[in-house]
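Trainee: Here it is: the structure, laid out below.
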Amino acid sequence: MLKTAFIAVLLGVFVARAGEPATISYHTSEVPLDGLYYYVDVDQDGTFDYFFMGYTVISTYSDYPATMQPELAAYSFNGNDYLTDTNGNIQQEPAGHTFGPDTLPGEIWGNPGLQLLSSGYGDGWSGFSGEPPECFIGLRLYIGGQPHYGWIRLLVPTRQPPQSALTPGTVFPVVADWGYETRPNTPIRAGAVGTNDEPVVFTVDFENPDGTLNGSDIRRSTGSLILEGDTLHYEMVLDGSHTNLDIFAANKSKPLYSLVAAPTGLPGFPTYLLGEFKPSHSEIAQILCGRSYISVDQGLILGWIVPADERNRSCGDMGWRHEARKSGFR
């Protein structure tokens with residue numbers, strides 16, 4: 001009853017997504033391009049689709065000292081395309097840009113061959129923005145002869161202070177992650193990891209170390225979460241007095257988010273926790289998979305984060321919960 005009431009309250013503010021299954025295939029990599037090349041198999045079918053390479057160009061002139069220019073290059077295979085300008089230059093777009101059949105004036109889909117994508121300069125790279133600096137590359141991938149649209153995100157993991165012309169300490173970007181629409185001819189927004197940006201509802205099943213539900217027969221610990229775009233909103237009512245809440249992904253030893261709250265101060269009364277935070281792209285993917293959980297007071301209670309509509313669970317199984325119990329309850 002309490003869980004149902006909480007979802008009803010949350011849905012009074014956010015409209016839940018319809019129960020269609022997830023249609024975006026999302027993958028993470030974190031492959032550095034520092035003097036290396038990386039073949040990207042976007043749809044994981046065993047065939048390479050795109051190629052990225054980081055390298056340094058050394059220029060020498062008889063009257064001047066040698067200089068080193070860090071650069072990135074890109075290529076595509078099997079007729080797959082990048083979003084380019086009309087001169088064939090691969091576009092570097094910000095998060096939220098829409099890639100699809102319709103393009104903006106001056107943009108086209110094409111296969112420009114091996115091409116310079118970006119150059120390192122001072123403490124940054126051309127075409128990258130934000131903190132940390134990133135850019136999104138638009139993809140048109142052919143699967144079964146039909147076009148599918150997607151994105152690859154390149155990320156500079158750290159900033160360096162401005163350096164001299166010789167830049168041995170330059171930090172090269174990494175191929176951080178990518179996603180594509182499994183439905184042909186369907187647009188996708190740069191950075192999107194779910195079906196769309198409509199809110200997704202999750203419930204939280206809290207349990208004790210012995211696996212029983214946490215709370216009494218009268219009052220159970222309950223919680224609900226709403227993923228709206230890149231923001232996760234949460235609301236919890238925990239049986240008893242508690243001061244700490246951590247949100248973990250199954251494959252992470254450190255929490256995605258930690259909250260230390262003032263204790264309730266009234267024994268026997270519940271603890272109310274309300275807030276929001278912005279997970280990363282890969283963390284959102286874990287949450288959508290149903291592979292994330294909450295640890296209360298360093299494991300006194302564990303809460304499994306479950307999509308309210310089971311059809312929204314996009315991957316994973318429940319085998320990881322055994323390891324989470326062992327590490328979560330201390």
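Each chain in the structure tokens gets a letter, A, B and so on, in the order shown; residues start at 1 in every chain, and ligands are counted from 1 in the order they appear.
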Which residues come within 12 Å of Ser129 of chain A, counting only C-alpha atoms, excluding same-chain residues fewer than 3 positions away, as a PyMOL selection string?
Mentor: chain A and resi 92-95+123-126+132-136+153-156+159
Trainee: Quick one: residues within 12 Å of Thr212 of chain A, only C-alpha atoms, excluding same-chain residues fewer than 5 positions away - as a list in words?
Mentor: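 Returned residues: Asp205, Phe206, Glu207, Asp217, Arg220, Ser221, Ile301, Leu302 and Gly303 of chain A.
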Trainee: Calculated over only C-alpha atoms, which of the candidates A:Ser119, A:Thr86, A:Asn78, A:Thr222 has the smallest distance to Thr103 of chain A?
Mentor: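 Among A:Ser119, A:Thr86, A:Asn78, A:Thr222, it is A:Thr86 that comes nearest to Thr103 of chain A.
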Trainee: List the neighbours of Ser76 of chain A out to 6 Å using only C-alpha atoms; skip same-chain residues closer than 3 positions along the sequence, and give me the result as a PyMOL selection string.
Mentor: chain A and resi 49-51+80
Trainee: With N, CA and C atoms retained, could you export that selection as an mmCIF file, in the first residue's frame?
Mentor:
```cif
data_model
loop_
_atom_site.group_PDB
_atom_site.id
_atom_site.type_symbol
_atom_site.label_atom_id
_atom_site.label_comp_id
_atom_site.auth_asym_id
_atom_site.auth_seq_id
_atom_site.Cartn_x
_atom_site.Cartn_y
_atom_site.Cartn_z
ATOM 1 N N ASP A 49 32.772 -1.515 -37.556
ATOM 2 C CA ASP A 49 31.951 -0.505 -38.216
ATOM 3 C C ASP A 49 32.666 0.838 -38.359
ATOM 4 N N TYR A 50 33.429 1.234 -37.331
ATOM 5 C CA TYR A 50 34.081 2.540 -37.332
ATOM 6 C C TYR A 50 35.480 2.404 -36.731
ATOM 7 N N PHE A 51 36.298 3.419 -36.942
ATOM 8 C CA PHE A 51 37.709 3.369 -36.557
ATOM 9 C C PHE A 51 38.139 4.746 -36.053
ATOM 10 N N ASN A 80 29.120 2.286 -43.891
ATOM 11 C CA ASN A 80 28.545 3.046 -42.779
ATOM 12 C C ASN A 80 29.013 4.502 -42.854
#
```
Trainee: Could you give me, as a PyMOL selection string, each residue of segment 59-132 of chain A that DSSP assigns to strand (DSSP E) when run on this structure's backbone?
Mentor: chain A and resi 59-61+64-76+81-85+98-99+107-110+115-121+124-125
Trainee: Just checking: using only C-alpha atoms, which residue out of A:Ser253, A:Gln298, A:Ser224, A:Ser118 ends up closest to Leu274 of chain A?
Mentor: A:Ser224
